[in-house]
>>> print(open('final_14.cif').read())   # mmCIF, C-alpha atoms
data_protein
loop_
_atom_site.label_atom_id
_atom_site.label_comp_id
_atom_site.auth_asym_id
_atom_site.auth_seq_id
_atom_site.Cartn_x
_atom_site.Cartn_y
_atom_site.Cartn_z
CA MET A 110 37.44 -53.95 -21.20
CA ARG A 111 34.80 -54.44 -18.51
CA ARG A 112 34.52 -58.11 -19.42
CA ALA A 113 38.31 -58.50 -19.62
CA GLN A 114 38.63 -57.15 -16.06
CA PHE A 115 35.94 -59.52 -14.86
CA TRP A 116 37.44 -62.61 -16.49
CA LEU A 117 41.01 -61.80 -15.45
CA SER A 118 40.00 -61.43 -11.80
CA LEU A 119 37.77 -64.50 -11.98
CA THR A 120 40.15 -66.89 -13.73
CA SER A 121 43.56 -65.81 -12.47
CA GLY A 122 43.19 -63.09 -9.84
CA LEU A 123 45.36 -60.72 -11.89
CA CYS A 124 45.16 -56.93 -11.61
CA LEU A 125 44.27 -55.00 -14.78
CA ILE A 126 45.53 -51.48 -15.43
CA HIS A 127 44.82 -49.26 -18.39
CA LEU A 128 47.23 -46.90 -20.11
CA GLN A 129 45.65 -43.65 -21.27
CA GLY A 130 46.19 -42.00 -24.63
CA GLY A 131 46.85 -44.83 -27.06
CA TYR A 132 50.42 -46.04 -27.61
CA ARG A 133 51.79 -42.90 -25.97
CA GLY A 134 50.27 -44.12 -22.72
CA PHE A 135 52.93 -46.81 -22.40
CA TYR A 136 55.64 -44.27 -21.64
CA SER A 137 53.62 -41.31 -20.35
CA LYS A 138 53.03 -43.02 -16.98
CA ASN A 139 49.29 -42.29 -17.05
CA THR A 140 47.78 -45.45 -15.58
CA ILE A 141 44.56 -46.31 -13.74
CA ASN A 142 43.81 -49.53 -11.89
CA LEU A 143 40.69 -51.08 -13.36
CA THR A 144 38.71 -52.32 -10.39
CA PRO A 145 35.16 -53.70 -10.69
CA LYS A 146 33.86 -50.37 -9.38
CA VAL A 147 35.73 -48.35 -12.03
CA VAL A 148 34.49 -50.42 -14.97
CA ASN A 149 31.01 -51.20 -13.65
CA ASP A 150 29.05 -48.81 -15.89
CA ILE A 151 31.44 -48.07 -18.77
CA HIS A 152 29.45 -50.21 -21.20
CA LYS A 153 26.57 -47.73 -20.85
CA ARG A 154 28.73 -44.83 -22.00
CA GLY A 155 29.97 -43.96 -25.48
CA GLY A 156 33.55 -43.22 -26.43
CA THR A 157 36.37 -44.74 -24.41
CA ILE A 158 37.84 -44.19 -20.96
CA LEU A 159 41.19 -45.31 -22.38
CA GLY A 160 41.55 -42.22 -24.53
CA THR A 161 42.86 -42.20 -28.09
CA SER A 162 45.72 -40.59 -30.00
CA ARG A 163 47.37 -40.48 -33.39
CA GLY A 164 50.94 -41.68 -33.70
CA GLY A 165 53.19 -42.05 -30.67
CA HIS A 166 54.27 -45.58 -31.54
CA ASP A 167 57.87 -45.81 -30.34
CA THR A 168 58.36 -49.58 -30.14
CA SER A 169 61.52 -49.50 -28.06
CA LYS A 170 60.02 -47.11 -25.47
CA ILE A 171 56.80 -49.13 -25.31
CA VAL A 172 58.56 -52.43 -24.64
CA ASP A 173 60.93 -50.75 -22.16
CA SER A 174 57.86 -49.52 -20.27
CA ILE A 175 56.27 -52.99 -20.31
CA GLN A 176 59.49 -54.46 -18.93
CA ASP A 177 59.99 -51.78 -16.28
CA ARG A 178 56.41 -52.06 -15.00
CA GLY A 179 56.58 -55.85 -14.78
CA ILE A 180 53.56 -56.29 -17.05
CA ASN A 181 53.09 -59.88 -18.23
CA GLN A 182 49.91 -59.55 -20.32
CA VAL A 183 49.16 -56.78 -22.82
CA TYR A 184 45.71 -56.37 -24.40
CA ILE A 185 45.70 -53.95 -27.33
CA ILE A 186 42.30 -52.70 -28.48
CA GLY A 187 41.79 -51.04 -31.84
CA GLY A 188 41.47 -51.26 -35.60
CA ASP A 189 43.68 -52.22 -38.52
CA GLY A 190 46.50 -49.79 -37.71
CA THR A 191 46.41 -50.62 -34.00
CA GLN A 192 46.69 -54.35 -34.73
CA LYS A 193 49.71 -53.71 -36.97
CA GLY A 194 51.29 -51.77 -34.11
CA ALA A 195 50.54 -54.69 -31.78
CA ALA A 196 52.34 -57.02 -34.17
CA VAL A 197 55.46 -54.84 -34.01
CA ILE A 198 55.34 -54.76 -30.18
CA TYR A 199 54.95 -58.54 -30.05
CA GLU A 200 57.95 -59.03 -32.34
CA GLU A 201 60.13 -56.76 -30.18
CA ILE A 202 59.05 -58.63 -27.03
CA ARG A 203 59.83 -61.94 -28.70
CA GLN A 204 63.29 -60.76 -29.75
CA ARG A 205 64.06 -59.65 -26.19
CA GLY A 206 62.91 -63.00 -24.83
CA LEU A 207 60.39 -61.46 -22.43
CA LYS A 208 57.63 -63.61 -20.94
CA VAL A 209 54.80 -61.29 -21.94
CA ALA A 210 51.58 -62.32 -23.70
CA VAL A 211 50.31 -59.86 -26.32
CA ALA A 212 46.67 -60.15 -27.43
CA GLY A 213 44.73 -57.94 -29.83
CA ILE A 214 41.02 -57.14 -29.61
CA PRO A 215 39.47 -55.82 -32.85
CA LYS A 216 37.51 -52.65 -32.18
CA THR A 217 36.76 -50.39 -35.13
CA ILE A 218 33.52 -49.21 -36.65
CA ASP A 219 35.12 -49.32 -40.12
CA ASN A 220 35.22 -53.15 -40.07
CA ASP A 221 38.50 -53.06 -42.02
CA ILE A 222 40.43 -55.81 -40.21
CA PRO A 223 41.28 -58.74 -42.51
CA VAL A 224 40.23 -62.34 -41.93
CA ILE A 225 37.67 -61.79 -39.13
CA ASP A 226 33.97 -61.65 -39.99
CA LYS A 227 33.40 -58.29 -38.33
CA SER A 228 34.86 -55.98 -35.70
CA PHE A 229 33.36 -54.68 -32.47
CA GLY A 230 31.46 -51.41 -32.98
CA PHE A 231 30.40 -52.07 -36.55
CA ASP A 232 26.80 -53.10 -35.82
CA THR A 233 26.27 -50.04 -33.61
CA ALA A 234 27.69 -47.73 -36.29
CA VAL A 235 25.41 -49.16 -38.97
CA GLU A 236 22.35 -48.85 -36.74
CA GLU A 237 23.10 -45.20 -35.91
CA ALA A 238 23.98 -44.37 -39.54
CA GLN A 239 20.49 -45.45 -40.57
CA ARG A 240 19.03 -42.72 -38.35
CA ALA A 241 20.92 -40.09 -40.35
CA ILE A 242 19.80 -41.70 -43.63
CA ASN A 243 16.16 -41.71 -42.47
CA ALA A 244 16.42 -38.02 -41.53
CA ALA A 245 17.99 -37.16 -44.89
CA HIS A 246 15.22 -39.08 -46.68
CA VAL A 247 12.49 -37.21 -44.78
CA GLU A 248 14.08 -33.85 -45.64
CA ALA A 249 14.60 -34.76 -49.31
CA GLU A 250 11.06 -36.10 -49.68
CA SER A 251 9.51 -32.98 -48.19
CA ILE A 252 10.66 -30.67 -51.00
CA GLU A 253 10.57 -30.81 -54.78
CA ASN A 254 13.86 -32.03 -56.27
CA GLY A 255 15.27 -32.57 -52.82
CA ILE A 256 18.57 -34.43 -52.50
CA GLY A 257 19.70 -35.84 -49.17
CA VAL A 258 23.46 -36.42 -48.94
CA VAL A 259 24.79 -38.46 -46.01
CA LYS A 260 28.54 -38.67 -45.40
CA LEU A 261 29.63 -41.65 -43.31
CA MET A 262 32.97 -42.90 -42.00
CA GLY A 263 35.02 -45.25 -44.15
CA ARG A 264 38.51 -44.14 -45.13
CA TYR A 265 39.41 -47.15 -47.25
CA CYS A 266 36.43 -49.46 -46.66
CA GLY A 267 32.79 -48.61 -47.29
CA PHE A 268 31.23 -51.23 -45.05
CA ILE A 269 29.28 -48.75 -42.89
CA ALA A 270 27.86 -46.97 -45.94
CA MET A 271 27.10 -50.27 -47.67
CA TYR A 272 25.33 -51.99 -44.78
CA ALA A 273 23.45 -48.85 -43.72
CA THR A 274 22.24 -48.51 -47.31
CA LEU A 275 21.01 -52.10 -47.38
CA GLY A 276 19.33 -51.72 -44.01
CA SER A 277 17.63 -48.44 -44.91
CA ARG A 278 16.14 -49.22 -48.35
CA ASP A 279 15.67 -45.46 -48.89
CA VAL A 280 19.04 -44.87 -50.56
CA ASP A 281 19.25 -44.31 -54.32
CA CYS A 282 23.03 -44.12 -54.66
CA CYS A 283 25.83 -45.45 -52.41
CA LEU A 284 29.39 -44.33 -53.11
CA ILE A 285 32.25 -46.26 -51.46
CA PRO A 286 36.06 -46.18 -51.77
CA GLU A 287 36.23 -49.70 -53.25
CA SER A 288 34.14 -48.68 -56.27
CA PRO A 289 35.43 -45.69 -58.30
CA PHE A 290 32.88 -43.43 -59.91
CA TYR A 291 32.82 -40.45 -62.24
CA LEU A 292 30.63 -37.39 -62.40
CA GLU A 293 30.05 -36.41 -66.01
CA GLY A 294 29.11 -38.22 -69.19
CA GLU A 295 27.05 -41.31 -69.89
CA GLY A 296 26.64 -43.46 -66.78
CA GLY A 297 28.04 -40.69 -64.59
CA LEU A 298 26.64 -39.50 -61.27
CA TYR A 299 25.09 -36.34 -62.72
CA GLU A 300 23.12 -38.36 -65.28
CA PHE A 301 21.88 -40.74 -62.60
CA ILE A 302 20.78 -37.87 -60.33
CA GLU A 303 18.85 -36.24 -63.17
CA LYS A 304 17.12 -39.52 -63.96
CA ARG A 305 16.13 -40.25 -60.34
CA LEU A 306 14.80 -36.74 -59.77
CA LYS A 307 12.62 -37.03 -62.86
CA GLU A 308 11.30 -40.40 -61.68
CA ASN A 309 10.80 -39.75 -57.95
CA GLY A 310 11.19 -36.02 -57.40
CA HIS A 311 13.76 -36.65 -54.67
CA MET A 312 16.71 -38.92 -53.86
CA VAL A 313 19.19 -39.91 -51.16
CA ILE A 314 22.95 -40.32 -51.68
CA VAL A 315 25.18 -42.05 -49.12
CA ILE A 316 28.92 -41.50 -49.50
CA ALA A 317 31.81 -42.90 -47.46
CA GLU A 318 34.45 -40.34 -46.50
CA GLY A 319 37.11 -42.06 -48.60
CA ALA A 320 35.05 -42.25 -51.78
CA GLY A 321 35.90 -39.96 -54.70
CA GLN A 322 39.08 -38.63 -53.08
CA ASP A 323 40.91 -38.91 -56.42
CA LEU A 324 38.32 -36.67 -58.10
CA LEU A 325 38.36 -34.27 -55.19
CA ALA A 326 42.18 -34.03 -55.23
CA GLU A 327 42.12 -33.18 -58.93
CA SER A 328 39.44 -30.55 -58.38
CA LEU A 329 41.13 -28.86 -55.40
CA GLN A 330 44.73 -29.66 -56.43
CA SER A 331 45.34 -30.79 -52.86
CA MET A 332 48.62 -32.13 -51.55
CA ASN A 333 49.14 -35.64 -50.17
CA GLN A 334 49.31 -34.70 -46.50
CA GLN A 335 49.32 -37.26 -43.69
CA ASP A 336 48.32 -37.33 -40.05
CA ALA A 337 50.50 -38.46 -37.14
CA SER A 338 49.67 -42.11 -37.81
CA GLY A 339 50.67 -41.91 -41.46
CA ASN A 340 47.11 -41.92 -42.80
CA LYS A 341 46.34 -39.67 -45.73
CA LEU A 342 44.39 -36.58 -44.68
CA LEU A 343 41.05 -36.71 -46.45
CA GLN A 344 39.21 -33.72 -47.87
CA ASP A 345 35.55 -33.22 -46.94
CA VAL A 346 33.89 -35.20 -49.71
CA GLY A 347 30.41 -34.42 -48.39
CA LEU A 348 30.71 -30.67 -48.90
CA TRP A 349 32.54 -31.18 -52.20
CA ILE A 350 29.96 -33.54 -53.75
CA SER A 351 27.08 -31.31 -52.60
CA HIS A 352 28.72 -28.29 -54.23
CA LYS A 353 29.44 -30.16 -57.47
CA ILE A 354 25.85 -31.40 -57.71
CA LYS A 355 24.53 -27.88 -57.12
CA VAL A 356 26.81 -26.42 -59.78
CA SER A 357 25.98 -29.15 -62.31
CA ALA A 358 22.26 -28.48 -61.89
CA LYS A 359 22.75 -24.96 -63.26
CA ASP A 360 19.29 -23.43 -63.54
CA SER A 361 17.46 -26.42 -62.10
CA ASP A 362 15.76 -25.77 -58.78
CA ILE A 363 17.23 -28.41 -56.45
CA SER A 364 17.68 -28.40 -52.69
CA ILE A 365 20.48 -30.33 -51.00
CA CYS A 366 20.44 -31.48 -47.38
CA LEU A 367 23.89 -32.59 -46.14
CA ALA A 368 24.07 -34.78 -43.03
CA ASP A 369 27.46 -35.57 -41.48
CA PRO A 370 26.92 -37.81 -38.42
CA THR A 371 30.44 -39.29 -38.38
CA TYR A 372 31.51 -38.32 -34.85
CA MET A 373 28.01 -38.70 -33.45
CA ILE A 374 28.16 -42.33 -34.57
CA ARG A 375 31.51 -42.88 -32.82
CA ALA A 376 30.31 -41.36 -29.56
CA ILE A 377 27.21 -43.43 -28.82
CA PRO A 378 27.11 -46.48 -26.51
CA SER A 379 27.23 -49.89 -28.16
CA ASN A 380 23.97 -51.66 -28.94
CA ALA A 381 22.89 -55.07 -27.63
CA SER A 382 24.47 -56.99 -30.51
CA ASP A 383 27.87 -55.34 -29.98
CA ASN A 384 27.63 -55.79 -26.20
CA VAL A 385 27.25 -59.54 -26.61
CA TYR A 386 30.01 -59.64 -29.21
CA CYS A 387 32.35 -57.61 -26.98
CA THR A 388 31.85 -60.13 -24.16
CA LEU A 389 32.90 -62.99 -26.44
CA LEU A 390 35.98 -61.09 -27.65
CA ALA A 391 37.08 -60.24 -24.11
CA GLN A 392 36.63 -63.79 -22.89
CA SER A 393 38.53 -65.19 -25.88
CA ALA A 394 41.44 -62.77 -25.40
CA VAL A 395 41.76 -63.48 -21.66
CA HIS A 396 41.49 -67.24 -22.08
CA GLY A 397 44.15 -67.18 -24.80
CA ALA A 398 46.63 -65.07 -22.82
CA VAL A 399 46.13 -67.03 -19.58
CA ALA A 400 46.57 -70.30 -21.49
CA GLY A 401 49.99 -69.11 -22.67
CA TYR A 402 49.22 -67.97 -26.21
CA THR A 403 50.69 -64.71 -27.51
CA GLY A 404 50.93 -62.67 -30.70
CA PHE A 405 47.30 -63.11 -31.73
CA THR A 406 44.11 -61.23 -32.46
CA VAL A 407 40.76 -62.71 -31.44
CA GLY A 408 37.67 -62.76 -33.62
CA PRO A 409 35.19 -64.92 -35.49
CA VAL A 410 36.31 -66.52 -38.74
CA ASN A 411 33.49 -68.10 -40.74
CA GLY A 412 31.32 -67.91 -37.61
CA ARG A 413 33.81 -69.58 -35.24
CA HIS A 414 35.89 -67.62 -32.74
CA ALA A 415 39.59 -68.13 -33.34
CA TYR A 416 43.07 -66.93 -32.40
CA ILE A 417 44.61 -65.29 -35.47
CA PRO A 418 48.38 -64.63 -35.54
CA PHE A 419 49.32 -60.96 -35.87
CA ASN A 420 51.36 -61.62 -39.00
CA VAL A 421 48.24 -63.00 -40.68
CA CYS A 422 46.10 -59.97 -39.82
CA SER A 423 48.76 -57.43 -40.74
CA SER A 424 50.08 -58.95 -43.98
CA MET A 425 47.27 -60.92 -45.63
CA PHE A 426 46.54 -58.40 -48.38
CA LEU A 427 44.96 -61.12 -50.54
CA ILE A 428 42.43 -62.12 -47.88
CA LYS A 429 41.62 -58.48 -47.11
CA SER A 430 41.05 -57.83 -50.81
CA LEU A 431 38.84 -60.92 -51.11
CA LYS A 432 36.84 -59.76 -48.09
CA LEU A 433 36.28 -56.36 -49.69
CA ILE A 434 35.44 -57.80 -53.11
CA PHE A 435 33.15 -60.46 -51.65
CA ARG A 436 31.10 -58.01 -49.61
CA SER A 437 31.06 -55.35 -52.35
CA LEU A 438 29.77 -57.86 -54.90
CA TRP A 439 27.24 -59.13 -52.36
CA PHE A 440 26.06 -55.55 -51.99
CA TYR A 441 25.85 -55.22 -55.78
CA PHE A 442 23.87 -58.47 -55.93
CA CYS A 443 21.33 -57.11 -53.41
CA ILE A 444 20.93 -53.92 -55.45
CA LEU A 445 20.41 -55.91 -58.65
CA THR A 446 17.68 -58.01 -57.08
CA THR A 447 15.85 -54.89 -55.93
CA ARG A 448 16.22 -53.37 -59.42
CA ASN A 449 14.64 -56.44 -61.08
CA SER A 450 17.75 -57.71 -62.92
CA PRO A 451 17.42 -61.47 -62.28
CA LYS A 452 19.77 -62.72 -65.02
CA LEU A 453 22.74 -60.56 -64.05
CA ALA A 454 21.96 -61.10 -60.36
CA THR A 455 22.19 -64.87 -60.86
CA GLU A 456 25.58 -64.52 -62.53
CA ILE A 457 26.87 -62.36 -59.68
CA CYS A 458 25.49 -64.85 -57.12
CA CYS A 459 27.38 -67.74 -58.77
CA PHE A 460 30.58 -65.70 -58.74
CA LEU A 461 30.05 -64.84 -55.05
CA ILE A 462 29.76 -68.54 -54.20
CA LEU A 463 33.01 -69.26 -56.07
CA LEU A 464 34.80 -66.32 -54.46
CA GLY A 465 33.58 -67.28 -50.98
CA THR A 466 34.82 -70.83 -51.49
CA LEU A 467 38.23 -69.47 -52.52
CA ARG A 468 38.48 -67.23 -49.46
CA TYR A 469 37.45 -69.92 -46.98
CA SER A 470 39.57 -72.68 -48.54
CA TYR A 471 42.57 -70.35 -48.41
CA LEU A 472 42.03 -69.84 -44.69
#
>>> encode(input="final_14.cif", output="structure tokens")
Amino acid sequence: MRRAQFWLSLTSGLCLIHLQGGYRGFYSKNTINLTPKVVNDIHKRGGTILGTSRGGHDTSKIVDSIQDRGINQVYIIGGDGTQKGAAVIYEEIRQRGLKVAVAGIPKTIDNDIPVIDKSFGFDTAVEEAQRAINAAHVEAESIENGIGVVKLMGRYCGFIAMYATLGSRDVDCCLIPESPFYLEGEGGLYEFIEKRLKENGHMVIVIAEGAGQDLLAESLQSMNQQDASGNKLLQDVGLWISHKIKVSAKDSDISICLADPTYMIRAIPSNASDNVYCTLLAQSAVHGAVAGYTGFTVGPVNGRHAYIPFNVCSSMFLIKSLKLIFRSLWFYFCILTTRNSPKLATEICCFLILLGTLRYSYL
């Protein structure tokens, strides 16, 4: 946002305002003029001065507000759901024939936006998640049969858990929503835990918040409740998995350390990598809108920054699935190489090359 304000004033002399409270801000009349003085130090702070909210997406009211205020450029910052909302706003503006440019900027630590290589905030989240993993490893290692459990964000995508696991190298088991698992029986989680404790005397488990929700729902007989944005309300899988492991151990003397740094990760300032990336996203969005483009999200695709139509980002289920499969198999390949399974690792590597070619040729 700081870079967007700078480039707008530099390239076109336009005034930038921000609407507080997510989509509700369009019709709640809470606006602040973003002058250079206001945005000067915001990159050093965590969180967002824009504010966030769940729900509140009334398309007609939002576009009415845009029209009444005389706004001619709208920059919408957020994740997968936010970009889908931006697509709906753009379509309503187009149908009304308004001369308003709508540009999306991908900002979500979950990294769950299709097509683009990564979203702003992801690198910072992974870096901070490793601190929690390191702490859990120290605690687990300091006691006999110690188990460190780290719950990380990732409702439908386990990218944070996956990349933090690869970066840490102290994790024995990583559980993500894309890869179902089971607890009991041969090849189950309990068997693996028992084996690792016998071998090492301690272990670390990283679990994304969306992993194992099917097992948890069966165990707690929970209802399918939703939040204001229509997302399924998740149960606390960290507490649940810790309890199940403790119960399964029966008479075994194990100690479990549960770390849940989810909101601490969201609240920290962005690191250097994300700061540079944010600058590129802001510049791309401003240049696109000023040049007359509309209905697009900015972001790198195969290493090159591009303007991606909203309908592509919001409806390309195939590409999103390929992105998830590609990165999950890449993660599996890395684990295999560290576990000394060269034959199977080679087969997975060949499949990754084929899958990557399919994804990129489709784009």
>>> closest_residue(input="final_14.cif", among="A:Val356, A:Ile314, A:Ile377, A:Ala212", to="Val280 (chain A)", atoms="all atoms listed in the file")
A:Ile314
>>> closest_residue(input="final_14.cif", among="A:Gly408, A:Ile180, A:Ala238, A:Asp189", to="Asn220 (chain A)", atoms="all atoms listed in the file")
A:Asp189
>>> residues_around(input="final_14.cif", residues="Ala245 (chain A)", least_positions_apart="6", cutoff="12 Å", atoms="all atoms listed in the file", output="list of chain:residue names")
A:Ala238, A:Gln239, A:Ser251, A:Ile252, A:Gly255, A:Ile256, A:Gly257, A:Val258, A:Val259, A:Lys260, A:Ser277, A:Asp279, A:Val280, A:Asp281, A:His311, A:Met312, A:Val313, A:Ile314, A:Val315, A:Ser364, A:Ile365, A:Cys366, A:Leu367, A:Ala368, A:Asp369, A:Pro370
>>> closest_residue(input="final_14.cif", among="A:Cys422, A:Val235, A:Ile269, A:Ala196", to="Asn380 (chain A)", atoms="all atoms listed in the file")
A:Val235
>>> residues_around(input="final_14.cif", residues="region 190-192 of chain A", least_positions_apart="3", cutoff="8 Å", atoms="all atoms listed in the file", output="list in words")
Ile185, Ile186, Gly187, Ala195, Ala196, Gly213, Pro215, Thr406, Phe419, Cys422 and Ser423 of chain A
>>> atom_distance(input="final_14.cif", atom1="CA of Asn243 (chain A)", atom2="CA of Ala273 (chain A)")
10.3 Å
>>> closest_residue(input="final_14.cif", among="A:Arg375, A:Glu293, A:Glu248, A:Ile175", to="Leu207 (chain A)", atoms="only C-alpha atoms")
A:Ile175
>>> closest_residue(input="final_14.cif", among="A:Ile363, A:His246, A:Val346, A:Ile417", to="Lys307 (chain A)", atoms="only C-alpha atoms")
A:Ile363
>>> atom_distance(input="final_14.cif", atom1="CA of Val183 (chain A)", atom2="CA of Phe231 (chain A)")
23.7 Å
